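For reference, run12.cif is printed below; it contains mmCIF, C-alpha atoms.
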```
data_entry
#
loop_
_atom_site.label_atom_id
_atom_site.label_comp_id
_atom_site.auth_asym_id
_atom_site.auth_seq_id
_atom_site.Cartn_x
_atom_site.Cartn_y
_atom_site.Cartn_z
CA MET C 1 0.00 0.00 0.00
CA ASN C 2 2.77 2.38 0.95
CA ILE C 3 4.50 1.59 -2.33
CA ALA C 4 1.43 2.71 -4.30
CA LEU C 5 1.50 6.02 -2.39
CA TYR C 6 5.19 6.51 -3.14
CA ILE C 7 4.64 5.82 -6.85
CA LEU C 8 1.65 8.17 -7.10
CA PHE C 9 3.46 10.97 -5.25
CA GLY C 10 6.57 10.37 -7.34
CA ILE C 11 4.70 10.75 -10.63
CA GLY C 12 2.78 13.76 -9.34
CA VAL C 13 5.82 15.67 -8.10
CA LEU C 14 7.83 14.71 -11.20
CA PHE C 15 5.28 16.16 -13.59
CA ASN C 16 4.77 19.30 -11.49
CA GLY C 17 8.52 19.79 -11.72
CA LEU C 18 8.39 19.23 -15.46
CA GLY C 19 5.77 21.99 -15.67
CA ALA C 20 8.01 24.44 -13.79
CA LEU C 21 10.95 23.43 -16.01
CA ALA C 22 8.88 23.93 -19.16
CA LEU C 23 8.04 27.41 -17.87
CA MET C 24 11.75 28.17 -17.71
CA ARG C 25 12.89 26.60 -20.99
CA PHE C 26 10.25 27.33 -23.62
CA PRO C 27 10.60 30.48 -25.75
CA ASP C 28 7.20 32.23 -25.70
CA VAL C 29 3.81 32.50 -23.96
CA TYR C 30 1.98 29.86 -25.98
CA THR C 31 4.59 27.13 -25.67
CA ARG C 32 4.98 27.93 -21.96
CA LEU C 33 1.23 27.56 -21.55
CA HIS C 34 1.49 24.12 -23.20
CA GLY C 35 4.00 22.95 -20.63
CA ALA C 36 2.52 24.68 -17.59
CA THR C 37 -1.11 23.65 -18.11
CA LYS C 38 -0.63 20.04 -19.15
CA CYS C 39 2.07 19.12 -16.68
CA THR C 40 0.66 20.81 -13.59
CA THR C 41 -2.82 19.40 -14.24
CA PHE C 42 -1.44 15.90 -14.71
CA GLY C 43 0.78 16.26 -11.65
CA ALA C 44 -2.15 17.51 -9.57
CA ILE C 45 -4.26 14.53 -10.68
CA PHE C 46 -1.64 12.09 -9.42
CA SER C 47 -0.77 13.95 -6.20
CA ILE C 48 -4.43 14.28 -5.22
CA ALA C 49 -5.06 10.66 -6.29
CA ALA C 50 -2.39 9.69 -3.75
CA ILE C 51 -4.33 11.55 -1.04
CA ILE C 52 -7.58 9.87 -2.12
CA VAL C 53 -5.97 6.41 -2.00
CA TYR C 54 -4.49 7.22 1.42
CA GLY C 55 -7.85 8.48 2.70
CA PHE C 56 -9.86 5.45 1.65
CA ALA C 57 -7.19 2.88 2.54
CA SER C 58 -6.38 4.16 6.03
CA GLY C 59 -9.97 3.61 7.15
CA GLY C 60 -10.41 6.49 9.61
CA ALA C 61 -13.59 8.60 9.36
CA ALA C 62 -11.66 11.87 9.17
CA GLN C 63 -9.45 10.49 6.40
CA GLN C 64 -12.48 9.39 4.37
CA THR C 65 -14.02 12.85 4.66
CA LEU C 66 -10.70 14.26 3.52
CA ALA C 67 -10.68 11.95 0.50
CA ILE C 68 -14.21 13.01 -0.56
CA HIS C 69 -13.29 16.68 -0.28
CA ALA C 70 -10.11 16.01 -2.23
CA ILE C 71 -12.22 14.52 -5.06
CA VAL C 72 -14.27 17.75 -5.22
CA ALA C 73 -11.05 19.81 -5.25
CA LEU C 74 -9.70 17.67 -8.11
CA ILE C 75 -12.89 18.14 -10.16
CA ALA C 76 -12.74 21.92 -9.60
CA LEU C 77 -9.11 21.95 -10.72
CA LEU C 78 -9.82 19.82 -13.82
CA LEU C 79 -12.67 22.09 -14.94
CA THR C 80 -10.99 25.43 -14.32
CA ASN C 81 -7.38 24.84 -15.39
CA PRO C 82 -7.72 24.40 -19.19
CA THR C 83 -10.33 27.16 -19.33
CA GLY C 84 -7.96 29.55 -17.59
CA ALA C 85 -5.17 28.63 -20.01
CA HIS C 86 -7.50 29.26 -22.94
CA ALA C 87 -8.37 32.70 -21.55
CA ILE C 88 -4.70 33.63 -21.12
CA ALA C 89 -3.86 32.44 -24.66
CA ARG C 90 -6.66 34.49 -26.19
CA ALA C 91 -5.73 37.55 -24.13
CA ALA C 92 -2.08 37.20 -25.18
CA HIS C 93 -3.00 36.99 -28.85
CA ARG C 94 -5.38 39.94 -28.66
CA SER C 95 -2.83 42.07 -26.79
CA GLY C 96 -0.44 41.52 -29.72
CA VAL C 97 1.99 38.79 -28.64
CA LYS C 98 3.16 36.95 -31.78
CA PRO C 99 3.82 33.20 -31.56
CA TRP C 100 7.57 32.51 -31.59
CA GLY C 101 8.84 31.13 -34.91
CA ALA C 102 5.34 30.55 -36.23
CA VAL C 103 5.12 28.47 -39.40
CA VAL C 104 1.53 29.57 -39.93
CA ASP C 105 -0.83 31.93 -38.05
CA LYS C 106 -4.40 31.52 -39.24
CA LEU C 107 -5.79 33.71 -36.45
CA GLU C 108 -3.71 36.66 -37.67
CA GLU C 109 -5.01 36.19 -41.21
CA LYS C 110 -8.61 36.07 -40.02
CA PRO C 111 -10.56 39.01 -41.50
CA MET S 1 -38.14 26.35 -14.25
CA LEU S 2 -36.19 23.37 -15.54
CA ALA S 3 -32.93 25.32 -15.29
CA PHE S 4 -33.80 26.38 -11.71
CA LEU S 5 -34.52 22.79 -10.67
CA ALA S 6 -31.35 21.44 -12.28
CA THR S 7 -29.16 24.13 -10.67
CA SER S 8 -30.72 23.56 -7.23
CA VAL S 9 -30.28 19.80 -7.43
CA VAL S 10 -26.64 20.12 -8.49
CA ALA S 11 -25.97 22.58 -5.65
CA PHE S 12 -27.76 20.34 -3.12
CA VAL S 13 -25.81 17.23 -4.16
CA LEU S 14 -22.55 19.18 -3.83
CA TYR S 15 -23.58 20.41 -0.37
CA LEU S 16 -24.46 16.88 0.75
CA LEU S 17 -21.13 15.59 -0.57
CA LEU S 18 -19.20 18.20 1.41
CA THR S 19 -21.04 17.61 4.71
CA LEU S 20 -21.10 13.85 4.42
CA PRO S 21 -20.58 12.32 7.87
CA SER S 22 -22.45 14.75 10.09
CA GLY S 23 -25.38 12.92 11.74
CA THR S 24 -27.82 10.05 11.88
CA LEU S 25 -30.47 10.79 9.24
CA GLY S 26 -28.94 8.79 6.42
CA ALA S 27 -25.47 10.15 7.03
CA TRP S 28 -26.54 13.74 7.61
CA SER S 29 -28.00 15.68 10.53
CA VAL S 30 -31.33 17.49 10.18
CA GLU S 31 -29.72 20.92 10.51
CA GLU S 32 -27.37 20.26 7.62
CA LEU S 33 -30.21 18.99 5.41
CA VAL S 34 -32.39 22.07 6.09
CA THR S 35 -29.49 24.52 5.63
CA GLY S 36 -28.47 22.78 2.42
CA ALA S 37 -32.01 22.88 1.03
CA ILE S 38 -32.41 26.61 1.75
CA LEU S 39 -28.98 27.46 0.35
CA SER S 40 -29.48 25.43 -2.82
CA VAL S 41 -32.86 27.07 -3.50
CA VAL S 42 -31.16 30.47 -3.16
CA ALA S 43 -28.32 29.33 -5.40
CA GLY S 44 -30.81 28.04 -7.96
CA LEU S 45 -32.67 31.36 -8.02
CA VAL S 46 -29.49 33.38 -8.41
CA ALA S 47 -27.50 31.21 -10.82
CA ARG S 48 -30.03 29.42 -13.03
CA ASN S 49 -29.26 31.56 -16.07
CA VAL S 50 -25.51 31.19 -15.60
CA LEU S 51 -25.19 27.43 -15.20
CA PHE S 52 -27.82 26.44 -17.77
CA PRO S 53 -28.32 29.34 -20.20
CA ARG S 54 -30.65 29.18 -23.20
CA ASP S 55 -28.71 29.07 -26.45
CA ARG S 56 -29.39 31.18 -29.52
CA LYS S 57 -32.36 29.09 -30.60
CA GLY S 58 -33.96 29.46 -27.16
CA THR S 59 -33.58 25.84 -26.05
CA TRP S 60 -31.75 24.49 -23.03
CA ALA S 61 -29.16 22.46 -24.90
CA ASP S 62 -26.88 22.15 -21.89
CA LEU S 63 -29.49 20.24 -19.91
CA ARG S 64 -28.68 17.24 -22.09
CA LEU S 65 -25.70 16.42 -19.92
CA LEU S 66 -28.05 15.64 -17.03
CA ASN S 67 -29.16 12.56 -18.96
CA PRO S 68 -27.51 9.65 -17.05
CA LEU S 69 -26.57 7.85 -20.26
CA ARG S 70 -24.61 10.87 -21.47
CA LEU S 71 -22.98 11.27 -18.05
CA LEU S 72 -21.90 7.62 -18.18
CA LEU S 73 -20.49 8.15 -21.67
CA PHE S 74 -18.67 11.24 -20.37
CA LEU S 75 -17.09 9.21 -17.56
CA VAL S 76 -16.02 6.48 -20.00
CA TYR S 77 -14.47 9.15 -22.21
CA LEU S 78 -12.71 10.77 -19.24
CA ILE S 79 -11.15 7.55 -17.96
CA GLY S 80 -10.45 5.94 -21.33
CA PRO S 81 -9.19 7.96 -24.31
CA PHE S 82 -8.81 11.25 -22.43
CA LEU S 83 -6.50 10.05 -19.65
CA PHE S 84 -4.44 8.07 -22.18
CA ALA S 85 -4.04 11.12 -24.45
CA MET S 86 -3.12 13.23 -21.42
CA ALA S 87 -0.34 10.84 -20.37
CA ARG S 88 0.97 10.93 -23.95
CA ALA S 89 0.77 14.76 -23.89
CA ASN S 90 2.97 14.94 -20.81
CA LEU S 91 5.61 12.63 -22.25
CA ASP S 92 5.49 14.78 -25.40
CA VAL S 93 6.12 17.94 -23.34
CA ALA S 94 9.00 16.18 -21.54
CA TYR S 95 10.54 15.30 -24.92
CA ARG S 96 10.24 18.88 -26.16
CA VAL S 97 11.58 20.38 -22.91
CA VAL S 98 14.72 18.29 -23.32
CA THR S 99 15.28 18.64 -27.08
CA ARG S 100 13.59 22.05 -27.71
CA LYS S 101 12.46 20.73 -31.09
CA LEU S 102 9.64 23.21 -31.84
CA ARG S 103 7.75 24.02 -35.02
CA PRO S 104 4.82 26.09 -33.69
CA GLY S 105 1.94 27.70 -35.51
CA ILE S 106 -1.75 28.55 -35.14
CA VAL S 107 -4.03 26.44 -37.33
CA LYS S 108 -7.79 26.46 -37.87
CA LEU S 109 -10.03 23.47 -37.18
CA SER S 110 -13.64 23.02 -38.24
CA PRO S 111 -15.06 20.29 -35.99
CA GLY S 112 -18.64 21.27 -36.83
CA LEU S 113 -20.09 21.17 -33.29
CA THR S 114 -23.29 23.15 -32.75
CA THR S 115 -23.75 23.37 -28.96
CA ASP S 116 -21.73 25.58 -26.60
CA LEU S 117 -21.21 22.67 -24.24
CA GLY S 118 -19.74 20.49 -26.98
CA ARG S 119 -17.38 23.27 -28.04
CA THR S 120 -16.24 23.81 -24.45
CA LEU S 121 -15.66 20.10 -23.97
CA LEU S 122 -13.65 19.82 -27.19
CA ALA S 123 -11.64 22.99 -26.49
CA ASN S 124 -10.70 21.83 -22.99
CA SER S 125 -9.83 18.35 -24.27
CA ILE S 126 -7.62 19.86 -26.96
CA THR S 127 -5.82 22.01 -24.40
CA LEU S 128 -4.90 18.99 -22.28
CA THR S 129 -3.80 16.66 -25.09
CA PRO S 130 -0.54 16.30 -27.05
CA GLY S 131 0.97 19.43 -28.52
CA THR S 132 -2.18 21.51 -28.91
CA LEU S 133 -3.66 24.55 -27.13
CA THR S 134 -6.92 26.27 -28.00
CA VAL S 135 -6.38 30.00 -28.53
CA ASP S 136 -9.67 31.34 -29.88
CA VAL S 137 -13.09 30.21 -31.01
CA ASP S 138 -15.29 31.60 -33.76
CA GLU S 139 -18.68 31.82 -32.06
CA GLU S 140 -20.62 31.88 -35.34
CA ASP S 141 -19.63 28.53 -36.84
CA GLY S 142 -17.64 26.87 -34.05
CA ASP S 143 -14.22 26.98 -35.73
CA LEU S 144 -11.37 26.57 -33.26
CA TYR S 145 -8.00 28.30 -33.61
CA VAL S 146 -5.43 25.94 -32.16
CA HIS S 147 -1.78 26.60 -31.29
CA TRP S 148 0.00 23.47 -32.51
CA ILE S 149 3.51 22.92 -31.24
CA ASN S 150 4.58 20.70 -34.15
CA VAL S 151 2.86 21.81 -37.35
CA ARG S 152 2.87 19.00 -39.90
CA ASP S 153 0.24 20.50 -42.21
CA PRO S 154 -0.79 24.19 -42.32
CA GLU S 155 -4.40 23.33 -43.17
CA PRO S 156 -5.15 20.14 -41.27
CA ALA S 157 -8.40 18.24 -40.88
CA ALA S 158 -9.74 18.02 -37.30
CA LYS S 159 -8.87 14.32 -37.21
CA GLN S 160 -5.16 14.98 -37.83
CA VAL S 161 -4.84 17.24 -34.79
CA CYS S 162 -7.07 15.74 -32.13
CA GLY S 163 -7.93 12.22 -33.30
CA SER S 164 -11.32 10.92 -32.20
CA PHE S 165 -12.17 13.79 -29.82
CA PRO S 166 -14.70 15.62 -32.06
CA ALA S 167 -16.60 12.35 -32.51
CA TRP S 168 -16.66 11.82 -28.74
CA ALA S 169 -17.80 15.40 -28.07
CA ARG S 170 -20.58 14.98 -30.64
CA ARG S 171 -21.66 11.68 -29.10
CA ILE S 172 -21.76 13.16 -25.58
CA THR S 173 -23.45 16.50 -26.24
CA GLN S 174 -25.55 16.20 -29.39
CA MET I 1 -2.22 1.50 7.45
CA ILE I 2 0.34 3.85 8.97
CA VAL I 3 1.93 6.39 6.63
CA SER I 4 4.66 8.57 8.02
CA PRO I 5 3.78 12.25 7.48
CA VAL I 6 7.34 12.75 6.28
CA LEU I 7 6.18 11.54 2.84
CA PHE I 8 3.56 14.31 2.69
CA PHE I 9 5.99 16.96 3.91
CA ALA I 10 8.61 15.87 1.38
CA ALA I 11 6.10 16.17 -1.48
CA ALA I 12 4.98 19.58 -0.20
CA CYS I 13 8.59 20.81 0.02
CA ALA I 14 9.32 19.66 -3.55
CA LEU I 15 6.21 21.48 -4.78
CA LEU I 16 7.30 24.60 -2.88
CA LEU I 17 10.63 24.46 -4.73
CA PHE I 18 8.80 24.31 -8.08
CA MET I 19 6.65 27.26 -7.00
CA ILE I 20 9.81 29.30 -6.43
CA LEU I 21 11.02 28.25 -9.91
CA SER I 22 7.74 29.50 -11.39
CA ALA I 23 8.03 32.73 -9.40
CA ILE I 24 11.28 33.39 -11.27
CA ARG I 25 9.21 33.42 -14.46
CA ILE I 26 6.90 36.02 -12.87
CA GLY I 27 9.93 38.18 -12.24
CA PHE I 28 11.60 37.82 -15.64
CA GLY I 29 8.74 37.21 -18.11
CA PRO I 30 9.20 39.65 -20.98
CA THR I 31 5.46 40.20 -21.53
CA VAL I 32 2.59 40.52 -19.06
CA ALA I 33 1.07 37.29 -20.40
CA ASP I 34 4.21 35.38 -19.37
CA ARG I 35 3.78 36.61 -15.81
CA VAL I 36 0.13 35.54 -15.77
CA VAL I 37 1.17 32.05 -16.93
CA GLY I 38 3.59 31.85 -14.00
CA LEU I 39 0.87 32.98 -11.61
CA ASP I 40 -1.57 30.38 -12.97
CA THR I 41 1.02 27.62 -12.51
CA ILE I 42 1.64 28.69 -8.92
CA ASN I 43 -2.11 28.71 -8.22
CA THR I 44 -2.46 25.10 -9.39
CA MET I 45 0.49 24.02 -7.26
CA VAL I 46 -0.88 25.85 -4.21
CA VAL I 47 -4.11 23.85 -4.48
CA THR I 48 -2.12 20.61 -4.65
CA VAL I 49 0.04 21.59 -1.66
CA MET I 50 -3.04 22.52 0.39
CA VAL I 51 -4.60 19.09 -0.22
CA VAL I 52 -1.33 17.31 0.62
CA LEU I 53 -0.84 19.34 3.82
CA GLY I 54 -4.47 18.70 4.75
CA ALA I 55 -3.63 15.00 4.77
CA ALA I 56 -0.38 15.58 6.66
CA TYR I 57 -2.00 17.59 9.48
CA GLU I 58 -5.31 15.65 9.26
CA GLN I 59 -7.25 18.90 8.84
CA VAL I 60 -10.21 18.68 6.44
CA VAL I 61 -10.52 22.48 6.52
CA PHE I 62 -7.33 22.79 4.46
CA VAL I 63 -9.00 20.88 1.60
CA ASP I 64 -12.14 23.06 1.81
CA VAL I 65 -9.93 26.13 1.52
CA ALA I 66 -8.21 24.49 -1.47
CA ILE I 67 -11.55 24.07 -3.28
CA ILE I 68 -12.45 27.72 -2.78
CA TYR I 69 -8.93 28.79 -3.71
CA ALA I 70 -9.13 26.85 -6.99
CA LEU I 71 -12.41 28.49 -7.96
CA LEU I 72 -11.43 32.02 -6.90
CA SER I 73 -8.00 31.90 -8.56
CA PHE I 74 -9.78 30.85 -11.76
CA VAL I 75 -11.97 33.95 -11.54
CA GLY I 76 -8.86 36.03 -10.90
CA THR I 77 -7.12 34.61 -13.98
CA LEU I 78 -10.19 35.33 -16.10
CA TYR I 79 -10.27 38.94 -14.88
CA ILE I 80 -6.60 39.52 -15.64
CA ALA I 81 -7.07 37.95 -19.09
CA ARG I 82 -10.06 40.18 -19.80
CA TYR I 83 -8.05 43.21 -18.65
CA LEU I 84 -5.20 42.29 -21.04
CA GLU I 85 -7.67 42.05 -23.92
CA GLY I 86 -8.82 45.57 -23.11
CA GLY I 87 -12.35 44.58 -22.15
CA LEU I 88 -12.30 46.16 -18.69
#
```
Kindly return the structure encoded in the file as C-alpha cells.
Amino acid sequence: MNIALYILFGIGVLFNGLGALALMRFPDVYTRLHGATKCTTFGAIFSIAAIIVYGFASGGAAQQTLAIHAIVALIALLLTNPTGAHAIARAAHRSGVKPWGAVVDKLEEKP
Amino acid sequence: MLAFLATSVVAFVLYLLLTLPSGTLGAWSVEELVTGAILSVVAGLVARNVLFPRDRKGTWADLRLLNPLRLLLFLVYLIGPFLFAMARANLDVAYRVVTRKLRPGIVKLSPGLTTDLGRTLLANSITLTPGTLTVDVDEEDGDLYVHWINVRDPEPAAKQVCGSFPAWARRITQ
Amino acid sequence: MIVSPVLFFAAACALLLFMILSAIRIGFGPTVADRVVGLDTINTMVVTVMVVLGAAYEQVVFVDVAIIYALLSFVGTLYIARYLEGGL
C-alpha cells in the first residue's frame, strides 16, 4: 500500500517539476502555456489521487471525509485549469503577442 | 423552471457531498439537510441563467448532460481515451523540454459542433492533449483556432490534430 | 495503514521548490502574459500543496480552503485575461 502512495506521489511531483521546467525553458507565452497547463494538471491529478488512495485505505472517518473533499477539489481543478489557459492564450493573442517562430498563423489572417 | 430545478439539485448534491458524515439521518444531521435545502434554492434562483443558459435558438441544450446515459459516456471518455491522451501529452512535453524541437503555428479546425457545451468540452480536451492549445473560437460557426507545437500541415483536418475527440464530443453532447 | 507524514511533507517541500522556480518566471517574463502564466502555474500548485498538507496535518478544513482557492483563482485569472484584452 505504501509503495502505491510513493509511486503516485513520485509521478505527481515529477510532472509538477516538469511543468516548472517547461516554464523556464520554452521560448514564448503559448509554448509555456502548453507545458505549464498540461504538466501541472497531470501532476495535480496524481498527487491528489495519492491523497484519495491514502484516505480510503487508512480507514479512519476523518481520512475518508478528507478523500471526498479532495475529489471535489480535483474536479474543480480539472474544470478550471484548461479554461484559464484558454483565456490567457486568447488575451495574449489579442494584446499583440506573436507566436515565436510561427510556421503559420491563421488567427492573424482572419478578417 | 427546468434550469432552476437542475441548478438547485446540483448545488444540493454538492452540499451533501461536502457535509457527508455529520449525523444520523442517512449520514446527515437534520440541521445540515435544512441549511443545504435553503442554500441550494437560493443558489438556484441566483444562478439558473448562468449554469444552464438558453442558447441562440432558445432551447436548453446544456441540460442534455443531465441525462444519465450521457454522463456515463462522459465518464467512459474521461477515464479511457482522455487520460491516455493526457499521459501521452505529458511525455510529449518532456521530450520537447529536453530537445527544444519546436515548429509552432496557429491552425484552424472546423469540428462542426453546434452546442456551446460540446465546443467547451472539445476545447478543454484539446488544451490537455498532445501538442495543442486552444487560442480562440469563432462563435458563429464553431471553428477553433489551435496553437500546434509541431505543425505537420498548415491546413489540417480536425482528425489529424485531435484524433477521435470531435466524434466523442458529438456523441456526448448532441 | 500507517503512513509517516514525512512523505507528505517531502512532497509539499518539492512542490514549494517548483513554485519558487515559477516565481522566477513572474519576475523575468518579458510580456505581461508570461507573468500571468507563472501565476496560474503557482495557483495550481498551491491547491495541490493545500490538499497534501491537509492530509499531513489531518485537517479537512485545508481541503475546503483548497476548493475555494481553486475556484477564486480561476476567476482572478479570467479577470486579468479580460483586462489584457482591453475589455475592462
Compile the residues of chain C that lie within 9 Å of chain S, evaluated using all atoms listed in the file, and express the compilation as an mmCIF file with C-alpha atoms, in the frame of the given file.
```cif
data_model
loop_
_atom_site.group_PDB
_atom_site.id
_atom_site.type_symbol
_atom_site.label_atom_id
_atom_site.label_comp_id
_atom_site.auth_asym_id
_atom_site.auth_seq_id
_atom_site.Cartn_x
_atom_site.Cartn_y
_atom_site.Cartn_z
ATOM 1 C CA PHE C 15 5.280 16.160 -13.590
ATOM 2 C CA LEU C 18 8.390 19.230 -15.460
ATOM 3 C CA GLY C 19 5.770 21.990 -15.670
ATOM 4 C CA LEU C 21 10.950 23.430 -16.010
ATOM 5 C CA ALA C 22 8.880 23.930 -19.160
ATOM 6 C CA ARG C 25 12.890 26.600 -20.990
ATOM 7 C CA PHE C 26 10.250 27.330 -23.620
ATOM 8 C CA TYR C 30 1.980 29.860 -25.980
ATOM 9 C CA THR C 31 4.590 27.130 -25.670
ATOM 10 C CA LEU C 33 1.230 27.560 -21.550
ATOM 11 C CA HIS C 34 1.490 24.120 -23.200
ATOM 12 C CA GLY C 35 4.000 22.950 -20.630
ATOM 13 C CA THR C 37 -1.110 23.650 -18.110
ATOM 14 C CA LYS C 38 -0.630 20.040 -19.150
ATOM 15 C CA CYS C 39 2.070 19.120 -16.680
ATOM 16 C CA THR C 41 -2.820 19.400 -14.240
ATOM 17 C CA PHE C 42 -1.440 15.900 -14.710
ATOM 18 C CA ALA C 61 -13.590 8.600 9.360
ATOM 19 C CA THR C 65 -14.020 12.850 4.660
ATOM 20 C CA ILE C 68 -14.210 13.010 -0.560
ATOM 21 C CA HIS C 69 -13.290 16.680 -0.280
ATOM 22 C CA VAL C 72 -14.270 17.750 -5.220
ATOM 23 C CA LEU C 79 -12.670 22.090 -14.940
ATOM 24 C CA ASN C 81 -7.380 24.840 -15.390
ATOM 25 C CA PRO C 82 -7.720 24.400 -19.190
ATOM 26 C CA THR C 83 -10.330 27.160 -19.330
ATOM 27 C CA ALA C 85 -5.170 28.630 -20.010
ATOM 28 C CA HIS C 86 -7.500 29.260 -22.940
ATOM 29 C CA ALA C 87 -8.370 32.700 -21.550
ATOM 30 C CA ILE C 88 -4.700 33.630 -21.120
ATOM 31 C CA ALA C 89 -3.860 32.440 -24.660
ATOM 32 C CA ARG C 90 -6.660 34.490 -26.190
ATOM 33 C CA ALA C 91 -5.730 37.550 -24.130
ATOM 34 C CA HIS C 93 -3.000 36.990 -28.850
ATOM 35 C CA PRO C 99 3.820 33.200 -31.560
ATOM 36 C CA TRP C 100 7.570 32.510 -31.590
ATOM 37 C CA GLY C 101 8.840 31.130 -34.910
ATOM 38 C CA ALA C 102 5.340 30.550 -36.230
ATOM 39 C CA VAL C 103 5.120 28.470 -39.400
ATOM 40 C CA VAL C 104 1.530 29.570 -39.930
ATOM 41 C CA ASP C 105 -0.830 31.930 -38.050
ATOM 42 C CA LYS C 106 -4.400 31.520 -39.240
ATOM 43 C CA LEU C 107 -5.790 33.710 -36.450
ATOM 44 C CA GLU C 108 -3.710 36.660 -37.670
#
```
Select residues of chain C: the criterion is any atom within 6 Å of an atom of chain I, counting all atoms listed in the file; output as number ranges by chain. C: 17, 20, 29, 44, 58, 66, 73, 87-88, 91-92, 94-95
Nearest to C:Leu8, chosen from C:Gln64, C:Ser47, C:Thr80, C:Thr40, with only C-alpha atoms counted in the distances: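 Answer, going by the shortest atom-to-atom distance: C:Ser47.
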Å distance separating atom CA of I:Phe9 from atom CA of C:Ile71, one decimal place: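 Atom CA of I:Phe9 sits 20.4 Å away from atom CA of C:Ile71.
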Which is closer to chain I than all the others in S:Ile172, S:Phe4, S:Tyr15, S:Arg70, using only C-alpha atoms?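 Closest to chain I, using only C-alpha atoms: S:Tyr15.
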Kindly resolve the PyMOL selection byres ((chain S and resi 157) around 9) on the present coordinates and return the residues as a PyMOL selection string. chain S and resi 108-111+155-156+158-161
For a test of reading the model, state the distance in Å between atom CA of S:Leu122 and atom CA of S:Leu66, rounded to one decimal. 18.1 Å
State, in Å with one decimal place, the distance from atom CA of C:Ile48 to atom CA of C:Gln63.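 Between atom CA of C:Ile48 and atom CA of C:Gln63 the gap is 13.2 Å.
Running the PyMOL selection byres ((chain S and resi 37) around 12) on this file leaves Leu5, Ser8, Val9, Val10, Ala11, Phe12, Val13, Leu14, Tyr15, Leu16, Val30, Glu31, Glu32, Leu33, Val34, Thr35, Gly36, Ile38, Leu39, Ser40, Val41, Val42, Ala43 and Gly44 of chain S selected.
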Take the selection from the previous step and output its residues with C-alpha atoms, as a PDB file, in the coordinates of the input.
```pdb
ATOM      1  CA  LEU S   5     -34.520  22.790 -10.670  1.00  0.00           C
ATOM      2  CA  SER S   8     -30.720  23.560  -7.230  1.00  0.00           C
ATOM      3  CA  VAL S   9     -30.280  19.800  -7.430  1.00  0.00           C
ATOM      4  CA  VAL S  10     -26.640  20.120  -8.490  1.00  0.00           C
ATOM      5  CA  ALA S  11     -25.970  22.580  -5.650  1.00  0.00           C
ATOM      6  CA  PHE S  12     -27.760  20.340  -3.120  1.00  0.00           C
ATOM      7  CA  VAL S  13     -25.810  17.230  -4.160  1.00  0.00           C
ATOM      8  CA  LEU S  14     -22.550  19.180  -3.830  1.00  0.00           C
ATOM      9  CA  TYR S  15     -23.580  20.410  -0.370  1.00  0.00           C
ATOM     10  CA  LEU S  16     -24.460  16.880   0.750  1.00  0.00           C
ATOM     11  CA  VAL S  30     -31.330  17.490  10.180  1.00  0.00           C
ATOM     12  CA  GLU S  31     -29.720  20.920  10.510  1.00  0.00           C
ATOM     13  CA  GLU S  32     -27.370  20.260   7.620  1.00  0.00           C
ATOM     14  CA  LEU S  33     -30.210  18.990   5.410  1.00  0.00           C
ATOM     15  CA  VAL S  34     -32.390  22.070   6.090  1.00  0.00           C
ATOM     16  CA  THR S  35     -29.490  24.520   5.630  1.00  0.00           C
ATOM     17  CA  GLY S  36     -28.470  22.780   2.420  1.00  0.00           C
ATOM     18  CA  ILE S  38     -32.410  26.610   1.750  1.00  0.00           C
ATOM     19  CA  LEU S  39     -28.980  27.460   0.350  1.00  0.00           C
ATOM     20  CA  SER S  40     -29.480  25.430  -2.820  1.00  0.00           C
ATOM     21  CA  VAL S  41     -32.860  27.070  -3.500  1.00  0.00           C
ATOM     22  CA  VAL S  42     -31.160  30.470  -3.160  1.00  0.00           C
ATOM     23  CA  ALA S  43     -28.320  29.330  -5.400  1.00  0.00           C
ATOM     24  CA  GLY S  44     -30.810  28.040  -7.960  1.00  0.00           C
TER      25      GLY S  44
END
```
